[in-house]
Amino acid sequence: MLPFANLTIIGLGLIGSSIAHGVKASMPTVRITGYDTDPAVRARVQELGFCDDVADSAGAAVIDADLVMLCVPVGAMASIASEMAEDLPKDAVISDVGSSKGNVIASLQAALPDARIIPAHPVAGTEHSGPDAGFATLFHDRWCILTPPEDAQEGDIERVRAFWEKLGANIEIMDAKHHDLVLAVTSHLPHLIAYTIVGTASDLEDVTRSEVIKYSAGGFRDFTRIAASDPTMWRDVFMSNKDAVLEMLQRFSEDLTALQRAIRWDKGDELFDLFTKTRAIRRRIIEEGQDDAAPDFGRSHE
């Protein structure tokens with residue numbers, strides 16, 4: 001039995017379009033209605049055909065929904081929830097894909113006080129964005145973290161769990177505050193570092209931009225991949241999860257100062273111990289199937 005029959009996806013970029021492709025592949029009888037605030041995106045989605053219907057407003061999109069998936073930047077959650085509030089069926093489950101959860105839950109509960117809200121965060125993505133970027137296998141063997149409020153109905157949690165499992169994801173249930181702290185370490189801080197180092201390289205007066213591009217080694221290339229992520233989405237993530245991000249940034253700054261001191265005072269043993277420890281973490285990520293151990297990170301050289 002399918003967990004939901006009528007799915008509405010609001011926000012039809014990489015994640016929203018990938019959900020639609022995944023549903024078409026794994027739950028083909030589910031009817032998909034899509035909506036995006038950008039008319040050009042709505043037109044492109046109609047051309048691509050991965051939604052059964054594309055609505056002209058958020059309210060029209062949710063009229064018949066039993067699951068509404070909000071795939072908009074976290075800063076837009078409150079406004080889009082307000083737009084669909086009057087037309088939302090009472091028994092519909094509301095979920096999302098935001099990278100921060102505490103702020104999202106507060107925004108949705110304020111705009112939709114009687115709604116059945118089961119927030120989610122699929123920990124998957126690429127540096128690409130827009131409706132053309134989606135693909136059905138994006139969530140295969142990736143983690144999707146559910147952060148249900150304390151008053152959430154167990155049946156709703158299980159239906160959302162089943163939905164993501166059918167898309168190929170592994171499920172973890174976590175407190176929203178703890179989620180935001182964990183993701184500040186594993187996702188938000190790395191993005192902040194990537195944006196910073198790429199910006200620093202671009203601004204160096206004694207290194208030309210062409211040299212930065214021409215001689216970029218593997219490490220810098222990986223930073224540029226992360227730094228190519230959607231700017232609107234990441235601006236909203238840092239604003240909505242600022243407390244956890246600032247806490248982790250302070251810890252990182254302290255660790256960076258210690259590393260700077262080790263280099264200055266030729267403490268090679270300390271550097272070696274740190275690099276050995278971090279190398280082991282990389283191996284564990286590969287062992288758990290969260291990355292590719294192929295040479296050059298699986299890049300194709302054809």
# chains A, B, ... in the order shown; residues from 1 in each chain; ligands from 1
>>> select_by_dssp(residues="range 95-218 of chain A", states="strand (DSSP E or B)", output="ChimeraX atom specification")
/A:95-96,116-117,120-122,143-146,170-173
>>> write_last_selection(atoms="N, CA, C and O atoms", output="PDB file, in the first residue's frame")
ATOM      1  N   SER A  95       5.386  18.273   4.887  1.00  0.00           N
ATOM      2  CA  SER A  95       6.783  17.962   5.127  1.00  0.00           C
ATOM      3  C   SER A  95       7.641  18.945   4.343  1.00  0.00           C
ATOM      4  O   SER A  95       7.130  19.822   3.645  1.00  0.00           O
ATOM      5  N   ASP A  96       8.932  18.817   4.460  1.00  0.00           N
ATOM      6  CA  ASP A  96       9.839  19.737   3.787  1.00  0.00           C
ATOM      7  C   ASP A  96      11.161  19.031   3.550  1.00  0.00           C
ATOM      8  O   ASP A  96      11.322  17.865   3.911  1.00  0.00           O
ATOM      9  N   ARG A 116      -0.625  18.947  10.241  1.00  0.00           N
ATOM     10  CA  ARG A 116       0.122  17.746  10.640  1.00  0.00           C
ATOM     11  C   ARG A 116       1.503  17.839   9.976  1.00  0.00           C
ATOM     12  O   ARG A 116       1.660  17.545   8.791  1.00  0.00           O
ATOM     13  N   ILE A 117       2.491  18.263  10.760  1.00  0.00           N
ATOM     14  CA  ILE A 117       3.806  18.617  10.224  1.00  0.00           C
ATOM     15  C   ILE A 117       4.838  17.554  10.596  1.00  0.00           C
ATOM     16  O   ILE A 117       5.038  17.262  11.783  1.00  0.00           O
ATOM     17  N   ALA A 120      11.452  16.955   7.311  1.00  0.00           N
ATOM     18  CA  ALA A 120      12.438  15.981   6.840  1.00  0.00           C
ATOM     19  C   ALA A 120      13.612  16.707   6.202  1.00  0.00           C
ATOM     20  O   ALA A 120      13.479  17.839   5.735  1.00  0.00           O
ATOM     21  N   HIS A 121      14.754  16.039   6.207  1.00  0.00           N
ATOM     22  CA  HIS A 121      15.938  16.581   5.543  1.00  0.00           C
ATOM     23  C   HIS A 121      16.671  15.462   4.819  1.00  0.00           C
ATOM     24  O   HIS A 121      17.411  14.698   5.448  1.00  0.00           O
ATOM     25  N   PRO A 122      16.471  15.325   3.502  1.00  0.00           N
ATOM     26  CA  PRO A 122      17.257  14.356   2.742  1.00  0.00           C
ATOM     27  C   PRO A 122      18.680  14.887   2.573  1.00  0.00           C
ATOM     28  O   PRO A 122      18.890  15.946   1.985  1.00  0.00           O
ATOM     29  N   TRP A 143      20.941   9.309   3.542  1.00  0.00           N
ATOM     30  CA  TRP A 143      20.148   9.444   4.758  1.00  0.00           C
ATOM     31  C   TRP A 143      19.100  10.533   4.598  1.00  0.00           C
ATOM     32  O   TRP A 143      19.376  11.598   4.022  1.00  0.00           O
ATOM     33  N   CYS A 144      17.923  10.257   5.106  1.00  0.00           N
ATOM     34  CA  CYS A 144      16.885  11.274   5.240  1.00  0.00           C
ATOM     35  C   CYS A 144      16.530  11.344   6.719  1.00  0.00           C
ATOM     36  O   CYS A 144      16.117  10.339   7.313  1.00  0.00           O
ATOM     37  N   ILE A 145      16.705  12.526   7.308  1.00  0.00           N
ATOM     38  CA  ILE A 145      16.486  12.707   8.745  1.00  0.00           C
ATOM     39  C   ILE A 145      15.103  13.311   8.967  1.00  0.00           C
ATOM     40  O   ILE A 145      14.787  14.378   8.430  1.00  0.00           O
ATOM     41  N   LEU A 146      14.275  12.636   9.746  1.00  0.00           N
ATOM     42  CA  LEU A 146      12.961  13.162  10.118  1.00  0.00           C
ATOM     43  C   LEU A 146      13.065  13.784  11.502  1.00  0.00           C
ATOM     44  O   LEU A 146      13.681  13.216  12.399  1.00  0.00           O
ATOM     45  N   ASN A 170      17.718   5.968   3.442  1.00  0.00           N
ATOM     46  CA  ASN A 170      17.794   5.407   4.791  1.00  0.00           C
ATOM     47  C   ASN A 170      17.245   6.451   5.764  1.00  0.00           C
ATOM     48  O   ASN A 170      17.509   7.646   5.591  1.00  0.00           O
ATOM     49  N   ILE A 171      16.527   6.024   6.773  1.00  0.00           N
ATOM     50  CA  ILE A 171      15.809   6.960   7.639  1.00  0.00           C
ATOM     51  C   ILE A 171      16.426   7.021   9.029  1.00  0.00           C
ATOM     52  O   ILE A 171      16.738   6.000   9.633  1.00  0.00           O
ATOM     53  N   GLU A 172      16.570   8.245   9.535  1.00  0.00           N
ATOM     54  CA  GLU A 172      16.968   8.495  10.919  1.00  0.00           C
ATOM     55  C   GLU A 172      15.971   9.483  11.506  1.00  0.00           C
ATOM     56  O   GLU A 172      15.561  10.441  10.831  1.00  0.00           O
ATOM     57  N   ILE A 173      15.539   9.260  12.749  1.00  0.00           N
ATOM     58  CA  ILE A 173      14.658  10.200  13.434  1.00  0.00           C
ATOM     59  C   ILE A 173      15.462  10.900  14.518  1.00  0.00           C
ATOM     60  O   ILE A 173      16.179  10.258  15.293  1.00  0.00           O
TER      61      ILE A 173
END
>>> residues_around(residues="range 97-103 of chain A", least_positions_apart="5", cutoff="7 Å", atoms="only C-alpha atoms", output="VMD selection string")
chain A and resid 70 to 71 73 to 74 120 to 122 176 to 177 180 237 240 to 241
>>> closest_residue(among="A:Glu127, A:Asp255, A:Asp132, A:Glu83", to="Ala43 in chain A", atoms="only C-alpha atoms")
A:Asp132
>>> residues_around(residues="Pro148 in chain A", least_positions_apart="3", cutoff="6 Å", atoms="only C-alpha atoms", output="JSON, numbers by chain")
{"A": [118, 119, 152]}
>>> write_last_selection(atoms="N, CA and C atoms", output="PDB file, in the first residue's frame")
ATOM      1  N   ILE A 118       5.486  16.983   9.582  1.00  0.00           N
ATOM      2  CA  ILE A 118       6.566  16.014   9.780  1.00  0.00           C
ATOM      3  C   ILE A 118       7.769  16.492   8.963  1.00  0.00           C
ATOM      4  N   PRO A 119       8.629  17.327   9.536  1.00  0.00           N
ATOM      5  CA  PRO A 119       9.767  17.851   8.783  1.00  0.00           C
ATOM      6  C   PRO A 119      10.755  16.751   8.405  1.00  0.00           C
ATOM      7  N   ALA A 152       3.502  15.064  17.170  1.00  0.00           N
ATOM      8  CA  ALA A 152       3.235  14.448  15.869  1.00  0.00           C
ATOM      9  C   ALA A 152       2.584  13.074  16.054  1.00  0.00           C
TER      10      ALA A 152
END
>>> select_by_dssp(residues="range 16-188 of chain A", states="helix (DSSP H, G or I)", output="PyMOL selection string")
chain A and resi 16-26+39-48+58-62+74-87+102-111+131-133+154-166+176-188
>>> closest_residue(among="A:Leu112, A:Leu7, A:Leu189, A:Val198", to="Ala61 in chain A", atoms="only C-alpha atoms")
A:Leu7
